[in-house]
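The file protein_22.cif contains mmCIF, C-alpha atoms:
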```cif
data_entry
loop_
_atom_site.label_atom_id
_atom_site.label_comp_id
_atom_site.auth_asym_id
_atom_site.auth_seq_id
_atom_site.Cartn_x
_atom_site.Cartn_y
_atom_site.Cartn_z
CA MET A 1329 12.80 -28.76 13.45
CA SER A 1330 14.49 -31.75 11.89
CA THR A 1331 11.71 -33.53 10.03
CA ILE A 1332 9.10 -32.01 7.80
CA THR A 1333 5.81 -33.79 8.34
CA ALA A 1334 2.92 -33.61 5.89
CA ALA A 1335 1.19 -31.04 8.12
CA ASN A 1336 4.37 -28.98 8.25
CA ALA A 1337 4.72 -29.13 4.48
CA ALA A 1338 1.18 -27.82 4.01
CA HIS A 1339 1.82 -25.09 6.58
CA LEU A 1340 5.02 -24.07 4.80
CA GLU A 1341 3.33 -24.01 1.40
CA TYR A 1342 0.47 -21.94 2.76
CA VAL A 1343 2.69 -19.24 4.24
CA LEU A 1344 4.92 -19.22 1.18
CA ARG A 1345 1.96 -18.39 -1.07
CA ILE A 1346 1.11 -15.39 1.05
CA ALA A 1347 4.74 -14.29 1.31
CA ASP A 1348 5.40 -14.55 -2.42
CA THR A 1349 2.22 -12.69 -3.30
CA SER A 1350 3.38 -9.72 -1.20
CA LEU A 1351 6.93 -9.99 -2.55
CA ILE A 1352 6.06 -10.07 -6.24
CA LEU A 1353 3.44 -7.34 -6.03
CA GLY A 1354 5.98 -5.24 -4.13
CA GLN A 1355 8.50 -5.82 -6.91
CA ARG A 1356 5.97 -4.87 -9.59
CA LEU A 1357 4.94 -1.70 -7.80
CA SER A 1358 8.54 -0.66 -7.26
CA GLU A 1359 8.80 -0.36 -11.04
CA TRP A 1360 6.71 2.80 -10.67
CA CYS A 1361 9.49 4.50 -8.69
CA GLY A 1362 10.38 7.59 -10.71
CA HIS A 1363 7.58 6.95 -13.22
CA GLY A 1364 4.42 7.86 -11.29
CA PRO A 1365 1.93 10.12 -13.07
CA VAL A 1366 2.61 12.82 -10.45
CA ILE A 1367 5.19 12.99 -7.67
CA GLU A 1368 2.58 12.42 -4.94
CA GLU A 1369 1.36 9.23 -6.59
CA ASP A 1370 4.89 8.08 -7.30
CA ILE A 1371 5.55 8.24 -3.55
CA ALA A 1372 2.21 6.61 -2.72
CA LEU A 1373 2.88 3.60 -4.96
CA THR A 1374 6.40 3.12 -3.66
CA ASN A 1375 5.10 3.39 -0.07
CA VAL A 1376 2.73 0.53 -0.87
CA ALA A 1377 5.61 -1.39 -2.47
CA LEU A 1378 7.71 -0.94 0.68
CA ASP A 1379 4.87 -2.15 2.91
CA LEU A 1380 4.49 -5.26 0.74
CA ILE A 1381 8.21 -6.00 0.70
CA GLY A 1382 8.25 -5.54 4.47
CA GLN A 1383 5.48 -8.13 4.78
CA ALA A 1384 7.40 -10.46 2.47
CA ARG A 1385 10.55 -10.11 4.59
CA LEU A 1386 8.76 -11.10 7.79
CA LEU A 1387 6.87 -13.94 6.11
CA LEU A 1388 9.90 -15.34 4.28
CA THR A 1389 11.96 -15.23 7.46
CA HIS A 1390 9.15 -17.21 9.08
CA VAL A 1391 9.08 -19.66 6.16
CA GLY A 1392 12.83 -20.16 6.59
CA ARG A 1393 12.30 -21.02 10.26
CA LEU A 1394 9.41 -23.39 9.53
CA GLU A 1395 11.51 -25.09 6.88
CA GLY A 1396 14.49 -25.45 9.20
CA LYS A 1397 17.10 -25.65 6.45
CA GLY A 1398 18.85 -22.43 7.33
CA ARG A 1399 17.51 -20.35 4.45
CA ASP A 1400 17.02 -16.69 5.33
CA GLU A 1401 14.71 -14.10 3.75
CA ASP A 1402 17.28 -13.11 1.10
CA ARG A 1403 17.96 -16.64 -0.05
CA LEU A 1404 14.26 -17.31 -0.28
CA ALA A 1405 13.48 -14.04 -2.03
CA PHE A 1406 16.32 -14.05 -4.53
CA LEU A 1407 17.67 -17.53 -5.03
CA ARG A 1408 14.75 -19.69 -5.97
CA THR A 1409 13.84 -20.75 -9.49
CA GLU A 1410 10.59 -19.76 -11.15
CA PRO A 1411 8.44 -22.83 -10.31
CA GLN A 1412 9.47 -22.51 -6.65
CA TYR A 1413 7.61 -19.21 -6.31
CA ARG A 1414 4.05 -19.56 -5.06
CA ASN A 1415 2.53 -16.11 -5.67
CA LEU A 1416 -0.91 -15.55 -7.11
CA THR A 1417 -0.51 -15.11 -10.86
CA ILE A 1418 -2.22 -11.73 -10.93
CA VAL A 1419 0.66 -10.01 -9.11
CA GLU A 1420 3.30 -11.06 -11.64
CA LEU A 1421 1.44 -9.58 -14.63
CA PRO A 1422 3.02 -6.42 -16.05
CA ASN A 1423 1.77 -3.04 -14.77
CA VAL A 1424 0.95 -1.78 -18.29
CA ASP A 1425 -0.65 1.48 -17.14
CA PHE A 1426 -1.85 3.28 -14.03
CA ALA A 1427 -5.38 1.93 -14.48
CA ARG A 1428 -4.33 -1.70 -14.40
CA THR A 1429 -1.87 -1.06 -11.57
CA ILE A 1430 -4.53 0.58 -9.41
CA LEU A 1431 -7.22 -1.94 -10.18
CA ARG A 1432 -4.92 -4.85 -9.37
CA ASN A 1433 -3.94 -3.18 -6.09
CA PHE A 1434 -7.61 -2.84 -5.30
CA LEU A 1435 -8.52 -6.47 -6.07
CA VAL A 1436 -5.48 -7.86 -4.24
CA ALA A 1437 -5.71 -5.55 -1.20
CA ALA A 1438 -9.37 -6.49 -0.70
CA TRP A 1439 -8.34 -10.14 -0.73
CA GLN A 1440 -5.36 -9.58 1.57
CA ARG A 1441 -7.49 -7.69 4.05
CA GLU A 1442 -9.91 -10.62 4.38
CA LEU A 1443 -6.98 -12.99 4.73
CA TRP A 1444 -5.06 -10.94 7.35
CA GLN A 1445 -8.24 -10.61 9.41
CA LYS A 1446 -8.59 -14.37 9.54
CA LEU A 1447 -4.88 -15.00 10.08
CA ALA A 1448 -4.81 -12.65 13.06
CA SER A 1449 -6.24 -15.56 15.07
CA SER A 1450 -3.99 -18.26 13.57
CA THR A 1451 -2.57 -20.96 15.86
CA ASP A 1452 0.76 -20.02 14.28
CA THR A 1453 1.40 -17.08 16.61
CA GLU A 1454 4.19 -15.64 14.47
CA LEU A 1455 1.90 -15.63 11.43
CA ALA A 1456 -0.86 -14.07 13.54
CA ALA A 1457 1.46 -11.26 14.64
CA ILE A 1458 2.59 -10.56 11.07
CA ALA A 1459 -1.04 -10.53 9.92
CA GLY A 1460 -1.95 -8.05 12.65
CA LYS A 1461 0.73 -5.65 11.45
CA ALA A 1462 -0.01 -6.19 7.76
CA LEU A 1463 -3.73 -5.61 8.26
CA LYS A 1464 -3.17 -1.94 9.11
CA GLU A 1465 -1.02 -1.45 6.02
CA THR A 1466 -3.46 -3.25 3.76
CA ARG A 1467 -6.41 -1.21 5.01
CA TYR A 1468 -4.65 1.86 3.70
CA HIS A 1469 -3.68 0.19 0.40
CA LEU A 1470 -7.31 -0.77 -0.10
CA GLN A 1471 -8.55 2.74 0.67
CA HIS A 1472 -6.02 4.31 -1.69
CA ALA A 1473 -6.79 1.91 -4.54
CA ALA A 1474 -10.57 2.10 -4.02
CA ASP A 1475 -10.49 5.92 -4.08
CA TRP A 1476 -8.65 5.84 -7.38
CA THR A 1477 -10.79 3.05 -8.82
CA VAL A 1478 -13.91 5.17 -8.33
CA ARG A 1479 -12.31 8.36 -9.65
CA LEU A 1480 -10.86 6.71 -12.75
CA GLY A 1481 -13.81 4.42 -13.47
CA ASP A 1482 -16.30 7.26 -13.07
CA GLY A 1483 -13.90 9.79 -14.57
CA THR A 1484 -13.22 10.80 -18.15
CA GLU A 1485 -14.07 8.72 -21.19
CA GLU A 1486 -10.46 7.62 -21.49
CA SER A 1487 -9.95 6.76 -17.81
CA HIS A 1488 -13.20 4.78 -17.81
CA ALA A 1489 -12.21 2.87 -20.94
CA ARG A 1490 -8.80 2.01 -19.47
CA MET A 1491 -10.31 0.85 -16.19
CA GLN A 1492 -12.88 -1.31 -17.93
CA LYS A 1493 -10.14 -2.84 -20.07
CA ALA A 1494 -8.08 -3.50 -16.95
CA LEU A 1495 -11.03 -5.14 -15.20
CA ASP A 1496 -11.82 -7.34 -18.21
CA TYR A 1497 -8.20 -8.43 -18.26
CA LEU A 1498 -7.64 -8.94 -14.53
CA TRP A 1499 -10.95 -10.35 -13.39
CA PRO A 1500 -10.36 -13.95 -14.63
CA TYR A 1501 -7.16 -14.08 -12.54
CA THR A 1502 -9.11 -13.43 -9.34
CA ALA A 1503 -10.56 -16.95 -9.51
CA GLU A 1504 -7.16 -18.11 -8.23
CA PHE A 1505 -7.70 -16.11 -5.00
CA PHE A 1506 -10.24 -18.72 -3.96
CA SER A 1507 -9.47 -21.96 -5.80
CA ALA A 1508 -9.04 -25.10 -3.72
CA THR A 1509 -5.60 -26.59 -3.05
CA ALA A 1510 -4.36 -29.92 -1.72
CA GLU A 1511 -3.20 -28.14 1.46
CA ASP A 1512 -6.58 -26.66 2.45
CA ALA A 1513 -7.74 -29.44 4.76
CA ALA A 1514 -4.43 -29.73 6.64
CA VAL A 1515 -4.00 -26.01 7.32
CA GLU A 1516 -7.62 -25.62 8.36
CA ALA A 1517 -7.44 -28.61 10.69
CA ALA A 1518 -4.26 -27.26 12.29
CA GLY A 1519 -5.85 -23.81 12.69
CA VAL A 1520 -3.07 -22.19 10.65
CA GLY A 1521 -5.49 -20.36 8.37
CA PRO A 1522 -8.69 -20.63 6.36
CA ALA A 1523 -9.06 -22.37 3.02
CA TRP A 1524 -9.13 -19.40 0.68
CA ALA A 1525 -12.46 -20.46 -0.83
CA THR A 1526 -14.06 -19.22 2.39
CA LEU A 1527 -12.92 -15.65 1.66
CA GLU A 1528 -14.81 -15.32 -1.60
CA SER A 1529 -18.20 -14.05 -0.46
CA THR A 1530 -16.81 -11.33 1.83
CA TRP A 1531 -14.31 -10.30 -0.86
CA GLU A 1532 -17.08 -9.93 -3.42
CA ALA A 1533 -19.15 -7.96 -0.94
CA VAL A 1534 -16.27 -5.47 -0.65
CA VAL A 1535 -15.22 -5.33 -4.28
CA ARG A 1536 -18.50 -5.27 -6.21
CA PRO A 1537 -20.05 -2.16 -4.64
CA VAL A 1538 -16.88 -0.15 -5.37
CA LEU A 1539 -16.79 -1.35 -8.98
CA GLU A 1540 -20.43 -0.42 -9.28
CA VAL A 1541 -19.86 3.12 -8.02
CA ALA A 1542 -16.94 3.25 -10.45
CA THR A 1543 -19.47 2.42 -13.21
CA LEU A 1544 -17.45 -0.65 -14.25
CA ALA A 1545 -19.11 -3.80 -15.55
CA VAL A 1546 -17.90 -6.98 -13.84
CA PRO A 1547 -17.29 -9.76 -16.37
CA ALA A 1548 -18.90 -13.17 -15.92
CA ARG A 1549 -16.79 -15.95 -14.38
CA MET A 1550 -15.02 -18.20 -16.90
CA PRO A 1551 -13.55 -21.69 -16.56
CA PHE A 1552 -10.04 -20.14 -16.83
CA LEU A 1553 -7.94 -20.74 -13.73
CA SER A 1554 -4.38 -19.52 -13.26
CA ARG A 1555 -2.06 -21.54 -11.02
CA GLY A 1556 0.78 -19.31 -9.87
CA LYS A 1557 0.19 -20.35 -6.27
CA GLN A 1558 1.02 -23.90 -7.34
CA GLY A 1559 4.18 -22.76 -9.12
CA GLN A 1560 2.85 -22.53 -12.68
CA HIS A 1561 3.66 -19.04 -13.85
CA THR A 1562 3.10 -16.88 -16.90
CA GLU A 1563 5.81 -15.74 -19.25
CA SER A 1564 6.02 -12.41 -17.35
CA MET A 1565 7.43 -14.13 -14.28
CA GLY A 1566 10.78 -15.03 -15.81
CA HIS A 1567 11.37 -11.43 -16.88
CA LEU A 1568 10.42 -10.16 -13.45
CA LEU A 1569 12.76 -12.61 -11.70
CA THR A 1570 15.64 -11.78 -14.02
CA GLU A 1571 15.49 -8.20 -12.88
CA MET A 1572 14.70 -8.93 -9.23
CA GLN A 1573 17.44 -11.53 -8.83
CA TYR A 1574 20.10 -9.77 -10.89
CA LEU A 1575 22.19 -8.43 -8.00
CA GLN A 1576 22.19 -11.63 -5.94
CA ARG A 1577 23.00 -13.73 -9.00
CA THR A 1578 25.76 -11.40 -10.16
CA TYR A 1579 27.29 -10.72 -6.73
CA PRO A 1580 26.37 -13.82 -4.68
CA GLY A 1581 25.96 -13.07 -0.99
CA GLY A 1582 26.36 -9.35 -1.56
CA THR A 1583 25.06 -7.19 1.29
CA TRP A 1584 24.72 -3.46 1.85
CA MET B 104 -4.63 33.67 -19.87
CA THR B 105 -7.11 31.64 -21.92
CA GLU B 106 -5.19 28.40 -21.38
CA VAL B 107 -6.91 26.14 -18.88
CA SER B 108 -4.53 24.67 -16.30
CA ARG B 109 -4.13 20.90 -16.51
CA GLN B 110 -2.44 20.89 -13.11
CA TRP B 111 -4.36 19.64 -10.10
CA PRO B 112 -5.03 22.32 -7.51
CA LEU B 113 -2.50 22.93 -4.77
CA TRP B 114 -3.29 22.05 -1.15
CA GLU B 115 -1.40 23.29 1.91
CA VAL B 116 -0.62 20.59 4.45
CA PHE B 117 -0.64 21.00 8.23
CA ILE B 118 0.53 18.23 10.52
CA ARG B 119 0.13 17.75 14.24
CA SER B 120 3.15 15.87 15.51
CA LYS B 121 1.55 14.74 18.78
CA ASN B 122 -1.66 15.10 20.66
CA GLY B 123 -1.82 18.41 22.49
CA LEU B 124 0.41 20.26 20.04
CA ASP B 125 -0.76 22.57 17.26
CA HIS B 126 -0.96 21.63 13.61
CA LYS B 127 2.03 23.12 11.82
CA HIS B 128 2.38 23.96 8.18
CA CYS B 129 4.82 21.54 6.60
CA GLY B 130 4.41 21.86 2.82
CA SER B 131 1.97 21.35 0.00
CA VAL B 132 0.69 18.69 -2.40
CA HIS B 133 -1.22 18.63 -5.65
CA ALA B 134 -4.46 16.63 -5.68
CA PRO B 135 -7.71 16.54 -7.63
CA ASP B 136 -9.93 16.66 -4.52
CA ALA B 137 -9.92 16.90 -0.73
CA LYS B 138 -9.86 13.18 0.01
CA LEU B 139 -6.92 12.51 -2.27
CA ALA B 140 -5.17 15.60 -0.94
CA LEU B 141 -5.33 14.05 2.52
CA SER B 142 -4.12 10.75 1.16
CA ASN B 143 -1.24 12.40 -0.74
CA ALA B 144 -0.29 14.41 2.33
CA ARG B 145 -0.16 11.19 4.35
CA ASP B 146 2.06 9.55 1.75
CA VAL B 147 4.40 12.48 1.26
CA TYR B 148 4.69 13.96 4.75
CA THR B 149 4.14 11.21 7.34
CA ARG B 150 6.51 8.52 6.09
CA ARG B 151 8.74 8.92 9.14
CA LEU B 152 6.15 9.01 11.90
CA GLU B 153 5.85 12.78 11.71
CA GLY B 154 2.26 13.03 12.76
CA VAL B 155 -0.97 11.93 14.35
CA SER B 156 -3.31 14.27 12.49
CA ILE B 157 -3.36 16.04 9.12
CA TRP B 158 -5.22 19.08 7.85
CA VAL B 159 -5.27 20.05 4.21
CA VAL B 160 -6.70 23.26 2.81
CA ARG B 161 -6.93 24.49 -0.77
CA ALA B 162 -4.09 26.95 -1.19
CA ASP B 163 -6.39 29.41 -2.95
CA ASN B 164 -8.62 29.48 0.14
CA ILE B 165 -5.84 31.00 2.19
CA VAL B 166 -5.86 34.78 2.33
CA ALA B 167 -2.29 35.95 2.76
CA SER B 168 -0.79 39.30 3.61
CA ASP B 169 1.09 41.11 0.89
CA PRO B 170 4.86 40.74 1.32
CA ASP B 171 5.30 44.24 -0.14
CA ALA B 172 3.13 45.64 2.63
CA LYS B 173 5.55 44.47 5.30
CA PRO B 174 6.69 47.95 6.37
CA GLU B 175 3.22 49.30 7.15
CA MET B 176 1.93 45.96 8.48
CA PHE B 177 4.67 45.03 10.89
CA ASP B 178 7.27 47.73 11.44
CA PRO B 179 5.03 49.98 13.58
CA ALA B 180 5.08 47.30 16.30
CA GLU B 181 8.83 47.49 16.52
CA ASP B 182 9.23 50.37 19.02
CA LYS B 183 6.28 49.52 21.24
CA ILE B 184 8.07 47.50 23.84
CA TYR B 185 5.43 48.40 26.43
CA ARG B 186 3.23 45.77 24.72
CA HIS B 187 5.41 43.07 26.23
CA PRO B 188 4.56 42.16 29.81
CA THR B 189 8.27 42.16 30.66
CA PHE B 190 8.20 45.94 30.24
CA TYR B 191 6.35 46.29 33.53
CA LYS B 192 7.89 46.04 36.94
CA LEU B 193 5.86 43.83 39.25
CA PRO B 194 5.55 44.42 42.97
CA ASP B 195 7.74 42.01 44.94
CA ASP B 196 4.83 40.16 46.53
CA VAL B 197 3.35 39.14 43.18
CA ASN B 198 4.65 35.67 42.50
CA HIS B 199 4.39 33.34 39.57
CA MET B 200 3.60 35.81 36.80
#
```

In structure tokens, how does this file's structure come out?
Amino acid sequence: MSTITAANAAHLEYVLRIADTSLILGQRLSEWCGHGPVIEEDIALTNVALDLIGQARLLLTHVGRLEGKGRDEDRLAFLRTEPQYRNLTIVELPNVDFARTILRNFLVAAWQRELWQKLASSTDTELAAIAGKALKETRYHLQHAADWTVRLGDGTEESHARMQKALDYLWPYTAEFFSATAEDAAVEAAGVGPAWATLESTWEAVVRPVLEVATLAVPARMPFLSRGKQGQHTESMGHLLTEMQYLQRTYPGGTW
Amino acid sequence: MTEVSRQWPLWEVFIRSKNGLDHKHCGSVHAPDAKLALSNARDVYTRRLEGVSIWVVRADNIVASDPDAKPEMFDPAEDKIYRHPTFYKLPDDVNHM
């Protein structure tokens, strides 16, 4: 692959957004290792983190091949600068507490599940295969997070208050799950994957009933739109990358 | 004993490693309810492809024999070797027993 055409560039960008979203959420969740509220949940959250990092590895390796510049998963994961990451903003936000962590997992997993289902029939057969594998993992992540969302939302006064606070904070960032991008038309035409706007109604149909059972009030949509998937990140991203990239920056090319 | 426990209840975990085999006890987890007990058991005990099916049961629902009663419970069986089929001599023309 010597030349990158416009269609290729859109394809690359599209896969990178998905890859980075898994990578950065995996990094965030790994912060729970050794800090879970109970040992069982500590293991559960790190299992989810490992699934996500596994998805990121496959997707970044694929991105490296599409790009054709010889970058492997490690170079892509650890040696880019902040604006070169294309993750959804919501995944870079700090964990804060178990409520926000669980609710974010729930909102993101519901979105990923819709996406993997569509990508399973992508014309990019490598992407389709990765989506097929990831779908099984994400189904479990969604179940786990939904179970907790209901228990905490419809739990004690304090757990309810924390979940409502988390939802009020996170909800505006979910607009980015579906916002249009310049690459939409090209990737749809090539059959690589759907424009994410098309996932919104099914996502809402999954998310809203669970939030309702959890007795949480869904905030109204606002004009606010985050743009992590276009490389515009929040202040949290730099801190996250500093920690994530520390080893590769300090010991370049180090392996284990 | 007036203090109320803040710990989640304990659940015993049984895993079947493959179809056709029995579920075997493999450990325990804490969880607030049955569904999360199953989910915790999956996360803690099947990370390395250990199983195809999980049972969980509240530990306090298991009725266990008293370890101190071992002598009267189990020792009397010790000298009754005639309870093993190998104790009996079979006629030569009985095959495949």

Contact residues around Ser1564 (chain A) with all atoms listed in the file at 8 Å, ignoring same-chain residues under 4 positions, as a count of residues only: 4

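For the file at hand, the PyMOL selection byres ((chain B) within 8 of (chain A)) resolves to Val132, His133, Leu139, Ser142, Asn143, Asp146 and Val147 of chain B.
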
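Residues matched by the PyMOL selection byres ((chain A and resi 1569) around 10) in this file are Ile1352, Gln1355, Ala1405, Phe1406, Leu1407, Arg1408, Thr1409, Glu1410, Tyr1413, Glu1420, Ser1564, Met1565, Gly1566, His1567, Leu1568, Thr1570, Glu1571, Met1572, Gln1573 and Tyr1574 of chain A.
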
Given the PyMOL selection byres ((chain A and resi 1556) around 6), the residues it picks as a list in words: Arg1414, Asn1415, Leu1416, Thr1417, Arg1555, Lys1557, Gln1558, Gly1559, Gln1560 and His1561 of chain A

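The space between CA of Leu1544 (chain A) and CA of Trp1531 (chain A) spans 16.8 Å.
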
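Note that CA of Val166 (chain B) and CA of Arg186 (chain B) are 26.5 Å apart.
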
Point-to-point distance from CA of Asn1433 (chain A) to CA of Ala140 (chain B), Å rounded to tenths: 19.5 Å

Nearest candidate to Thr1583 (chain A) (options A:Lys1446, A:His1390, A:Arg1403, A:Arg1467; using only C-alpha atoms): A:Arg1403

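Of the listed residues (A:Leu1470, A:Met1550, A:Val1534, A:Leu1380), A:Leu1380 comes nearest to Val1419 (chain A); the distances count all atoms listed in the file.
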
Selection: 8 Å around Ser156 (chain B), only C-alpha atoms, excl. self and same-chain fewer than 6 positions, as a ChimeraX atom specification: /B:118-121,126

Contacts of Ser131 (chain B) at 7 Å (only C-alpha atoms; same-chain gap of 5+ positions) as a ChimeraX atom specification: /B:113-116

Would you save the residues from that selection as a PDB file, in the frame of the given file, using C-alpha atoms?
```pdb
ATOM      1  CA  LEU B 113      -2.500  22.930  -4.770  1.00  0.00           C
ATOM      2  CA  TRP B 114      -3.290  22.050  -1.150  1.00  0.00           C
ATOM      3  CA  GLU B 115      -1.400  23.290   1.910  1.00  0.00           C
ATOM      4  CA  VAL B 116      -0.620  20.590   4.450  1.00  0.00           C
TER       5      VAL B 116
END
```

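By all atoms listed in the file, and with residues fewer than 2 positions from Phe1506 (chain A) along its chain excluded, the set lying at most 12 Å from it is A:Leu1416, A:Val1436, A:Trp1439, A:Gln1440, A:Glu1442, A:Leu1443, A:Pro1500, A:Tyr1501, A:Thr1502, A:Ala1503, A:Glu1504, A:Ala1508, A:Thr1509, A:Asp1512, A:Pro1522, A:Ala1523, A:Trp1524, A:Ala1525, A:Thr1526, A:Leu1527, A:Glu1528, A:Ser1529, A:Thr1530, A:Trp1531, A:Glu1532, A:Leu1553, A:Ser1554, A:Arg1555, A:Lys1557.
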